[in-house]
Amino acid sequence: FSPTFSIIYHLKLLLQPTLLRDRSSLVEIPPSISAMMKEAALSIISARENGLQFGRIDVPIPVTAGTELDDWPGGIKQKYSTLLPMLGELMKELNFSAEAMAERRFLPEGKDDAVGLWTDNGVTLVCFPTPESIEALNALIPTKPSAINNDVPSNGTNPNNGDILVLVNHQIFLNSFSKQTSKDFLESAKIIYMLEKLNVKGPKSMPVNGLMYRKYPQPFQISRRIGGGQYVPLKSFTTDDLPKMADVEQIFFDDSAVRDSDLSLFERLKRQLPNF
């Protein structure tokens with residue numbers, strides 16, 4: 001790049017709103033699956049210490065034995081087999097016993113959908129919960145009677161005070177036809193940890209890759225990939241609520257309008273056609 005280009009580019013960044021200005025620091029993301037699950041465990045511990053009793057985590061699962069037509073030809077059970085060792089890392093950090101980690105229990109309403117269940121040391125983990133399993137899951141939330149040991153004192157006190165239920169990679173996908181019970185249930189689960197790749201569009205359909213990242217109690221943060229596996233922060237949100245996708249897309253669009261404005265035709269083609 002010429003000196004003139006460099007000066008113009010940085011001037012454009014400085015003249016943008018705050019969310020586009022500070023690019024001096026990179027977003028540090030976990031370098032391995034083990035590190036990611038350790039982060040998730042620390043987030044769960046922090047949430048529990050702050051009195052949270054119901055939450056969820058969403059982590060990427062590495063594709064195994066995928067084909068050109070389908071990343072997961074074995075369906076949810078293949079995903080379960082891939083997630084299982086990752087959950088082992090999570091449970092180890094949460095001080096689960098070896099016996100609890102070795103259990104293979106499923107909710108009756110979700111056995112065919114690999115809705116697995118593990119509980120120890122005040123933490124209950126449920127992977128791949130579905131809308132069909134919501135009723136059973138409601139009974140597992142610590143503020144409600146326990147469905148794990150059916151030990152409900154007659155004095156009405158909560159047997160699970162201080163405990164937490166955590167959903168892992170839920171399968172409750174909401175749309176305009178979803179039942180209100182599904183919407184309410186998912187909304188009540190605080191997002192404790194999330195590491196999600198984002199693929200959005202900038203001006204002229206320019207592909208833009210980024211991340212949605214949250215480690216409780218830190219806020220949600222979105223960042224953009226700039227090459228070499230590095231990410232620059234675009235915005236940190238101030239609430240615990242999941243940012244609306246329309247707002248996220250607009251932030252990436254505005255960033256791309258500045259960052260990608262001086263790309264050559266060849267560079268644009270390389271972005272839009274990776275094999276070009």
# chains A, B, ... in the order shown; residues from 1 in each chain; ligands from 1

$ select_by_dssp --residues "range 93-139 of chain A" --states "helix (DSSP H, G or I)" --output "list of chain:residue names"
A:Glu93, A:Ala98, A:Glu99, A:Ala100, A:Met101, A:Ala102, A:Pro108, A:Glu109, A:Gly110, A:Lys111, A:Asp112, A:Asp113, A:Pro131, A:Glu132, A:Ser133, A:Ile134, A:Glu135, A:Ala136, A:Leu137, A:Asn138

$ closest_residue --among "A:Ala114, A:Pro108, A:Ala102, A:Ile57" --to "Ile76 in chain A" --atoms "only C-alpha atoms"
A:Ala114

$ residues_around --residues "Asn169 in chain A" --least-positions-apart "6" --cutoff "7 Å" --atoms "only C-alpha atoms" --output "list in words"
Ile57, Asp58, Val59, Cys127 and Phe128 of chain A

$ write_last_selection --atoms "C-alpha atoms" --output "short mmCIF file (atom, residue, chain, number, x, y, z; two decimals), in the first residue's frame"
data_model
loop_
_atom_site.label_atom_id
_atom_site.label_comp_id
_atom_site.auth_asym_id
_atom_site.auth_seq_id
_atom_site.Cartn_x
_atom_site.Cartn_y
_atom_site.Cartn_z
CA ILE A 57 -23.77 -21.88 26.84
CA ASP A 58 -23.25 -22.10 23.08
CA VAL A 59 -19.95 -23.43 21.77
CA CYS A 127 -26.97 -30.92 26.07
CA PHE A 128 -29.05 -30.44 22.92
#

$ residues_around --residues "range 115-122 of chain A" --least-positions-apart "2" --cutoff "10 Å" --atoms "only C-alpha atoms" --output "PyMOL selection string"
chain A and resi 48+76-77+80+84+87+91+94-97+99-113+124-130+133+142+148+160-165+167-168+170-171

$ closest_residue --among "A:Asp255, A:Asp247, A:Glu28, A:Glu89" --to "Ala40 in chain A" --atoms "only C-alpha atoms"
A:Glu89

$ residues_around --residues "range 218-231 of chain A" --least-positions-apart "2" --cutoff "10 Å" --atoms "only C-alpha atoms" --output "PyMOL selection string"
chain A and resi 23+25-29+43+191-199+208-216+233-243+248+251-252+255-256+259

$ write_last_selection --atoms "N, CA and C atoms" --output "compact mmCIF listing (two decimals), in the first residue's frame"
# COMPACT_ATOMS: atom_id res chain seq x y z
N ARG A 23 -8.86 0.30 17.21
CA ARG A 23 -8.51 -1.01 16.67
C ARG A 23 -7.13 -1.45 17.16
N SER A 25 -6.18 -2.93 19.87
CA SER A 25 -6.10 -4.22 20.55
C SER A 25 -6.88 -5.28 19.78
N LEU A 26 -6.37 -6.48 19.83
CA LEU A 26 -7.05 -7.61 19.20
C LEU A 26 -7.86 -8.37 20.24
N VAL A 27 -8.91 -9.02 19.80
CA VAL A 27 -9.72 -9.84 20.69
C VAL A 27 -9.03 -11.18 20.88
N GLU A 28 -8.78 -11.53 22.11
CA GLU A 28 -8.14 -12.81 22.40
C GLU A 28 -9.21 -13.89 22.52
N ILE A 29 -9.15 -14.85 21.64
CA ILE A 29 -10.10 -15.96 21.69
C ILE A 29 -9.35 -17.22 22.12
N SER A 43 -17.05 -19.23 33.46
CA SER A 43 -18.25 -18.40 33.31
C SER A 43 -19.41 -18.98 34.12
N ILE A 191 -27.64 -16.20 28.91
CA ILE A 191 -26.49 -16.67 28.13
C ILE A 191 -25.22 -16.42 28.95
N ILE A 192 -24.61 -17.51 29.39
CA ILE A 192 -23.43 -17.44 30.25
C ILE A 192 -22.16 -17.41 29.42
N TYR A 193 -22.15 -18.19 28.36
CA TYR A 193 -20.96 -18.24 27.49
C TYR A 193 -21.41 -18.46 26.06
N MET A 194 -20.80 -17.71 25.16
CA MET A 194 -21.11 -17.87 23.74
C MET A 194 -19.87 -17.54 22.92
N LEU A 195 -19.58 -18.41 21.98
CA LEU A 195 -18.52 -18.17 21.00
C LEU A 195 -19.08 -18.63 19.66
N GLU A 196 -19.55 -17.67 18.88
CA GLU A 196 -20.28 -18.00 17.66
C GLU A 196 -19.71 -17.24 16.47
N LYS A 197 -19.40 -17.98 15.41
CA LYS A 197 -18.93 -17.34 14.19
C LYS A 197 -20.09 -16.68 13.46
N LEU A 198 -19.80 -15.51 12.87
CA LEU A 198 -20.81 -14.76 12.14
C LEU A 198 -20.35 -14.57 10.70
N ASN A 199 -21.26 -14.80 9.78
CA ASN A 199 -20.99 -14.55 8.37
C ASN A 199 -22.08 -13.61 7.85
N VAL A 208 -18.31 -10.64 5.06
CA VAL A 208 -17.65 -10.16 6.27
C VAL A 208 -17.77 -11.26 7.33
N ASN A 209 -16.65 -11.65 7.91
CA ASN A 209 -16.64 -12.70 8.93
C ASN A 209 -16.32 -12.10 10.29
N GLY A 210 -16.98 -12.63 11.31
CA GLY A 210 -16.74 -12.10 12.65
C GLY A 210 -17.13 -13.08 13.73
N LEU A 211 -17.22 -12.57 14.95
CA LEU A 211 -17.54 -13.37 16.12
C LEU A 211 -18.54 -12.66 17.02
N MET A 212 -19.41 -13.45 17.64
CA MET A 212 -20.18 -13.01 18.79
C MET A 212 -19.59 -13.75 19.99
N TYR A 213 -19.13 -12.99 20.98
CA TYR A 213 -18.35 -13.58 22.07
C TYR A 213 -18.86 -13.05 23.40
N ARG A 214 -19.12 -13.96 24.33
CA ARG A 214 -19.53 -13.53 25.65
C ARG A 214 -18.99 -14.48 26.71
N LYS A 215 -18.31 -13.94 27.71
CA LYS A 215 -17.86 -14.69 28.88
C LYS A 215 -18.46 -14.00 30.10
N TYR A 216 -19.38 -14.67 30.76
CA TYR A 216 -19.99 -14.08 31.95
C TYR A 216 -18.91 -13.82 33.01
N PRO A 233 -12.03 -5.75 17.79
CA PRO A 233 -13.33 -5.47 18.39
C PRO A 233 -14.08 -4.39 17.63
N LEU A 234 -15.37 -4.59 17.47
CA LEU A 234 -16.23 -3.57 16.87
C LEU A 234 -17.11 -2.90 17.91
N LYS A 235 -17.68 -3.71 18.81
CA LYS A 235 -18.53 -3.11 19.84
C LYS A 235 -18.73 -4.07 21.00
N SER A 236 -18.76 -3.51 22.21
CA SER A 236 -19.17 -4.24 23.40
C SER A 236 -20.52 -3.71 23.84
N PHE A 237 -21.45 -4.61 24.12
CA PHE A 237 -22.79 -4.20 24.51
C PHE A 237 -22.87 -4.06 26.03
N THR A 238 -23.85 -3.32 26.48
CA THR A 238 -23.90 -2.96 27.90
C THR A 238 -24.93 -3.74 28.69
N THR A 239 -25.68 -4.62 28.05
CA THR A 239 -26.69 -5.39 28.76
C THR A 239 -26.40 -6.88 28.65
N ASP A 240 -27.12 -7.67 29.45
CA ASP A 240 -26.98 -9.12 29.40
C ASP A 240 -27.79 -9.74 28.27
N ASP A 241 -28.59 -8.95 27.60
CA ASP A 241 -29.46 -9.46 26.55
C ASP A 241 -28.67 -9.73 25.27
N LEU A 242 -29.03 -10.81 24.58
CA LEU A 242 -28.40 -11.12 23.30
C LEU A 242 -28.68 -10.00 22.31
N PRO A 243 -27.64 -9.42 21.70
CA PRO A 243 -27.87 -8.34 20.72
C PRO A 243 -28.75 -8.81 19.56
N VAL A 248 -26.48 -6.10 14.87
CA VAL A 248 -25.15 -6.65 14.62
C VAL A 248 -24.78 -6.52 13.14
N ILE A 251 -23.76 -2.98 12.24
CA ILE A 251 -22.43 -2.62 12.72
C ILE A 251 -21.36 -3.17 11.77
N PHE A 252 -21.53 -4.40 11.33
CA PHE A 252 -20.57 -4.98 10.38
C PHE A 252 -20.65 -4.25 9.03
N ASP A 255 -18.82 -0.95 9.36
CA ASP A 255 -17.38 -1.17 9.42
C ASP A 255 -16.83 -1.50 8.04
N SER A 256 -17.52 -2.35 7.31
CA SER A 256 -17.06 -2.73 5.98
C SER A 256 -17.06 -1.54 5.02
N ARG A 259 -13.66 0.08 6.13
CA ARG A 259 -12.47 -0.77 6.06
C ARG A 259 -12.23 -1.31 4.66

$ atom_distance --atom1 "CA of Asp71 in chain A" --atom2 "CA of Pro30 in chain A"
23.1 Å

$ select_by_dssp --residues "range 6-225 of chain A" --states "strand (DSSP E or B)" --output "VMD selection string"
chain A and resid 54 to 58 105 to 106 116 to 120 123 to 127 164 to 168 190 to 201 207 to 215 221 to 225

$ decode --residues "range 120-268 of chain A" --atoms "C-alpha atoms" --output "PDB file, in the first residue's frame"
ATOM      1  CA  ASP A 120     -22.758 -33.138  40.262  1.00  0.00           C
ATOM      2  CA  ASN A 121     -21.370 -30.581  42.650  1.00  0.00           C
ATOM      3  CA  GLY A 122     -24.423 -28.330  42.352  1.00  0.00           C
ATOM      4  CA  VAL A 123     -24.308 -28.107  38.550  1.00  0.00           C
ATOM      5  CA  THR A 124     -26.679 -29.813  36.111  1.00  0.00           C
ATOM      6  CA  LEU A 125     -25.711 -29.870  32.426  1.00  0.00           C
ATOM      7  CA  VAL A 126     -28.187 -30.731  29.660  1.00  0.00           C
ATOM      8  CA  CYS A 127     -26.971 -30.919  26.066  1.00  0.00           C
ATOM      9  CA  PHE A 128     -29.046 -30.445  22.917  1.00  0.00           C
ATOM     10  CA  PRO A 129     -32.370 -29.703  24.694  1.00  0.00           C
ATOM     11  CA  THR A 130     -35.377 -29.567  22.368  1.00  0.00           C
ATOM     12  CA  PRO A 131     -38.852 -27.989  22.605  1.00  0.00           C
ATOM     13  CA  GLU A 132     -40.216 -31.432  23.506  1.00  0.00           C
ATOM     14  CA  SER A 133     -37.979 -31.545  26.591  1.00  0.00           C
ATOM     15  CA  ILE A 134     -38.995 -28.143  28.013  1.00  0.00           C
ATOM     16  CA  GLU A 135     -41.497 -29.538  30.520  1.00  0.00           C
ATOM     17  CA  ALA A 136     -38.882 -31.881  31.992  1.00  0.00           C
ATOM     18  CA  LEU A 137     -36.278 -29.126  31.962  1.00  0.00           C
ATOM     19  CA  ASN A 138     -38.556 -26.773  33.857  1.00  0.00           C
ATOM     20  CA  ALA A 139     -38.571 -29.320  36.670  1.00  0.00           C
ATOM     21  CA  LEU A 140     -34.763 -29.240  36.747  1.00  0.00           C
ATOM     22  CA  ILE A 141     -34.449 -25.474  37.263  1.00  0.00           C
ATOM     23  CA  PRO A 142     -33.262 -25.078  40.869  1.00  0.00           C
ATOM     24  CA  THR A 143     -36.051 -22.638  41.775  1.00  0.00           C
ATOM     25  CA  LYS A 144     -38.522 -25.436  41.097  1.00  0.00           C
ATOM     26  CA  PRO A 145     -38.918 -28.958  42.596  1.00  0.00           C
ATOM     27  CA  SER A 146     -36.000 -31.196  41.706  1.00  0.00           C
ATOM     28  CA  ALA A 147     -36.621 -33.845  39.071  1.00  0.00           C
ATOM     29  CA  ILE A 148     -33.234 -35.434  39.686  1.00  0.00           C
ATOM     30  CA  ASN A 149     -33.725 -36.925  43.123  1.00  0.00           C
ATOM     31  CA  ASN A 150     -37.420 -36.141  43.736  1.00  0.00           C
ATOM     32  CA  ASP A 151     -36.430 -34.813  47.152  1.00  0.00           C
ATOM     33  CA  VAL A 152     -39.002 -32.064  47.708  1.00  0.00           C
ATOM     34  CA  PRO A 153     -39.291 -31.093  51.392  1.00  0.00           C
ATOM     35  CA  SER A 154     -42.793 -30.716  52.784  1.00  0.00           C
ATOM     36  CA  ASN A 155     -41.946 -27.253  54.130  1.00  0.00           C
ATOM     37  CA  GLY A 156     -41.737 -25.915  50.576  1.00  0.00           C
ATOM     38  CA  THR A 157     -38.082 -24.886  50.704  1.00  0.00           C
ATOM     39  CA  ASN A 158     -35.963 -25.234  47.612  1.00  0.00           C
ATOM     40  CA  PRO A 159     -33.681 -28.311  47.834  1.00  0.00           C
ATOM     41  CA  ASN A 160     -31.398 -26.863  45.143  1.00  0.00           C
ATOM     42  CA  ASN A 161     -30.527 -23.464  46.633  1.00  0.00           C
ATOM     43  CA  GLY A 162     -27.195 -22.350  45.157  1.00  0.00           C
ATOM     44  CA  ASP A 163     -27.384 -24.855  42.295  1.00  0.00           C
ATOM     45  CA  ILE A 164     -27.557 -24.089  38.594  1.00  0.00           C
ATOM     46  CA  LEU A 165     -29.001 -25.688  35.453  1.00  0.00           C
ATOM     47  CA  VAL A 166     -27.020 -25.055  32.262  1.00  0.00           C
ATOM     48  CA  LEU A 167     -28.214 -25.832  28.745  1.00  0.00           C
ATOM     49  CA  VAL A 168     -25.447 -26.699  26.289  1.00  0.00           C
ATOM     50  CA  ASN A 169     -26.004 -26.006  22.575  1.00  0.00           C
ATOM     51  CA  HIS A 170     -29.799 -25.941  22.747  1.00  0.00           C
ATOM     52  CA  GLN A 171     -31.882 -27.057  19.780  1.00  0.00           C
ATOM     53  CA  ILE A 172     -34.844 -24.768  20.525  1.00  0.00           C
ATOM     54  CA  PHE A 173     -34.823 -22.746  17.340  1.00  0.00           C
ATOM     55  CA  LEU A 174     -37.394 -19.971  17.426  1.00  0.00           C
ATOM     56  CA  ASN A 175     -39.430 -18.569  14.558  1.00  0.00           C
ATOM     57  CA  SER A 176     -42.785 -16.874  14.080  1.00  0.00           C
ATOM     58  CA  PHE A 177     -44.548 -20.229  14.519  1.00  0.00           C
ATOM     59  CA  SER A 178     -42.827 -21.180  17.790  1.00  0.00           C
ATOM     60  CA  LYS A 179     -44.969 -21.692  20.855  1.00  0.00           C
ATOM     61  CA  GLN A 180     -44.900 -18.974  23.481  1.00  0.00           C
ATOM     62  CA  THR A 181     -43.755 -21.527  26.047  1.00  0.00           C
ATOM     63  CA  SER A 182     -40.614 -22.154  23.976  1.00  0.00           C
ATOM     64  CA  LYS A 183     -39.940 -18.438  23.639  1.00  0.00           C
ATOM     65  CA  ASP A 184     -40.434 -17.792  27.353  1.00  0.00           C
ATOM     66  CA  PHE A 185     -38.290 -20.752  28.344  1.00  0.00           C
ATOM     67  CA  LEU A 186     -35.350 -19.810  26.161  1.00  0.00           C
ATOM     68  CA  GLU A 187     -35.580 -16.152  27.125  1.00  0.00           C
ATOM     69  CA  SER A 188     -35.368 -17.093  30.804  1.00  0.00           C
ATOM     70  CA  ALA A 189     -32.037 -18.880  30.276  1.00  0.00           C
ATOM     71  CA  LYS A 190     -29.265 -16.313  30.694  1.00  0.00           C
ATOM     72  CA  ILE A 191     -26.491 -16.671  28.131  1.00  0.00           C
ATOM     73  CA  ILE A 192     -23.435 -17.444  30.253  1.00  0.00           C
ATOM     74  CA  TYR A 193     -20.959 -18.245  27.494  1.00  0.00           C
ATOM     75  CA  MET A 194     -21.114 -17.872  23.735  1.00  0.00           C
ATOM     76  CA  LEU A 195     -18.516 -18.169  20.998  1.00  0.00           C
ATOM     77  CA  GLU A 196     -20.282 -18.003  17.657  1.00  0.00           C
ATOM     78  CA  LYS A 197     -18.926 -17.342  14.188  1.00  0.00           C
ATOM     79  CA  LEU A 198     -20.813 -14.764  12.140  1.00  0.00           C
ATOM     80  CA  ASN A 199     -20.995 -14.550   8.367  1.00  0.00           C
ATOM     81  CA  VAL A 200     -22.671 -11.353   7.229  1.00  0.00           C
ATOM     82  CA  LYS A 201     -22.606  -8.971   4.268  1.00  0.00           C
ATOM     83  CA  GLY A 202     -21.109  -5.542   3.831  1.00  0.00           C
ATOM     84  CA  PRO A 203     -21.789  -3.045   0.997  1.00  0.00           C
ATOM     85  CA  LYS A 204     -22.152  -4.625  -2.439  1.00  0.00           C
ATOM     86  CA  SER A 205     -22.583  -8.032  -0.763  1.00  0.00           C
ATOM     87  CA  MET A 206     -19.001  -8.036   0.475  1.00  0.00           C
ATOM     88  CA  PRO A 207     -18.532 -11.125   2.712  1.00  0.00           C
ATOM     89  CA  VAL A 208     -17.647 -10.162   6.273  1.00  0.00           C
ATOM     90  CA  ASN A 209     -16.641 -12.704   8.935  1.00  0.00           C
ATOM     91  CA  GLY A 210     -16.741 -12.103  12.646  1.00  0.00           C
ATOM     92  CA  LEU A 211     -17.542 -13.374  16.120  1.00  0.00           C
ATOM     93  CA  MET A 212     -20.183 -13.015  18.791  1.00  0.00           C
ATOM     94  CA  TYR A 213     -18.348 -13.582  22.072  1.00  0.00           C
ATOM     95  CA  ARG A 214     -19.532 -13.531  25.654  1.00  0.00           C
ATOM     96  CA  LYS A 215     -17.861 -14.688  28.875  1.00  0.00           C
ATOM     97  CA  TYR A 216     -19.988 -14.079  31.952  1.00  0.00           C
ATOM     98  CA  PRO A 217     -19.952 -11.575  33.630  1.00  0.00           C
ATOM     99  CA  GLN A 218     -18.359  -9.645  30.772  1.00  0.00           C
ATOM    100  CA  PRO A 219     -20.700  -8.142  28.146  1.00  0.00           C
ATOM    101  CA  PHE A 220     -21.390  -9.440  24.672  1.00  0.00           C
ATOM    102  CA  GLN A 221     -18.753  -8.362  22.198  1.00  0.00           C
ATOM    103  CA  ILE A 222     -18.729  -8.509  18.432  1.00  0.00           C
ATOM    104  CA  SER A 223     -15.494  -8.509  16.503  1.00  0.00           C
ATOM    105  CA  ARG A 224     -14.400  -8.769  12.902  1.00  0.00           C
ATOM    106  CA  ARG A 225     -11.895 -11.171  11.420  1.00  0.00           C
ATOM    107  CA  ILE A 226      -9.110  -9.338   9.613  1.00  0.00           C
ATOM    108  CA  GLY A 227      -6.987 -12.250   8.433  1.00  0.00           C
ATOM    109  CA  GLY A 228      -4.473 -14.529  10.037  1.00  0.00           C
ATOM    110  CA  GLY A 229      -7.106 -15.716  12.481  1.00  0.00           C
ATOM    111  CA  GLN A 230      -7.082 -12.316  14.200  1.00  0.00           C
ATOM    112  CA  TYR A 231     -10.140 -10.366  15.324  1.00  0.00           C
ATOM    113  CA  VAL A 232     -10.580  -6.675  16.035  1.00  0.00           C
ATOM    114  CA  PRO A 233     -13.332  -5.469  18.394  1.00  0.00           C
ATOM    115  CA  LEU A 234     -16.228  -3.565  16.866  1.00  0.00           C
ATOM    116  CA  LYS A 235     -18.530  -3.109  19.842  1.00  0.00           C
ATOM    117  CA  SER A 236     -19.170  -4.242  23.405  1.00  0.00           C
ATOM    118  CA  PHE A 237     -22.789  -4.204  24.507  1.00  0.00           C
ATOM    119  CA  THR A 238     -23.899  -2.959  27.900  1.00  0.00           C
ATOM    120  CA  THR A 239     -26.689  -5.386  28.763  1.00  0.00           C
ATOM    121  CA  ASP A 240     -26.984  -9.119  29.397  1.00  0.00           C
ATOM    122  CA  ASP A 241     -29.458  -9.465  26.548  1.00  0.00           C
ATOM    123  CA  LEU A 242     -28.401 -11.125  23.301  1.00  0.00           C
ATOM    124  CA  PRO A 243     -27.870  -8.343  20.724  1.00  0.00           C
ATOM    125  CA  LYS A 244     -30.434  -8.219  17.948  1.00  0.00           C
ATOM    126  CA  MET A 245     -29.069  -9.641  14.721  1.00  0.00           C
ATOM    127  CA  ALA A 246     -30.277  -6.616  12.724  1.00  0.00           C
ATOM    128  CA  ASP A 247     -28.154  -4.345  14.936  1.00  0.00           C
ATOM    129  CA  VAL A 248     -25.150  -6.650  14.618  1.00  0.00           C
ATOM    130  CA  GLU A 249     -25.439  -6.766  10.826  1.00  0.00           C
ATOM    131  CA  GLN A 250     -25.612  -2.973  10.661  1.00  0.00           C
ATOM    132  CA  ILE A 251     -22.428  -2.621  12.717  1.00  0.00           C
ATOM    133  CA  PHE A 252     -20.572  -4.981  10.378  1.00  0.00           C
ATOM    134  CA  PHE A 253     -22.012  -3.179   7.360  1.00  0.00           C
ATOM    135  CA  ASP A 254     -20.823   0.217   8.640  1.00  0.00           C
ATOM    136  CA  ASP A 255     -17.382  -1.171   9.419  1.00  0.00           C
ATOM    137  CA  SER A 256     -17.060  -2.735   5.975  1.00  0.00           C
ATOM    138  CA  ALA A 257     -18.110   0.536   4.325  1.00  0.00           C
ATOM    139  CA  VAL A 258     -14.935   2.090   5.778  1.00  0.00           C
ATOM    140  CA  ARG A 259     -12.471  -0.766   6.059  1.00  0.00           C
ATOM    141  CA  ASP A 260     -13.169  -2.256   2.618  1.00  0.00           C
ATOM    142  CA  SER A 261     -13.845   0.950   0.686  1.00  0.00           C
ATOM    143  CA  ASP A 262     -10.447   1.043  -1.019  1.00  0.00           C
ATOM    144  CA  LEU A 263     -10.136  -2.615  -1.931  1.00  0.00           C
ATOM    145  CA  SER A 264      -9.184  -3.234  -5.537  1.00  0.00           C
ATOM    146  CA  LEU A 265     -11.426  -5.201  -7.874  1.00  0.00           C
ATOM    147  CA  PHE A 266      -9.060  -8.156  -7.570  1.00  0.00           C
ATOM    148  CA  GLU A 267      -9.214  -8.056  -3.766  1.00  0.00           C
ATOM    149  CA  ARG A 268     -13.009  -7.896  -3.856  1.00  0.00           C
TER     150      ARG A 268
END
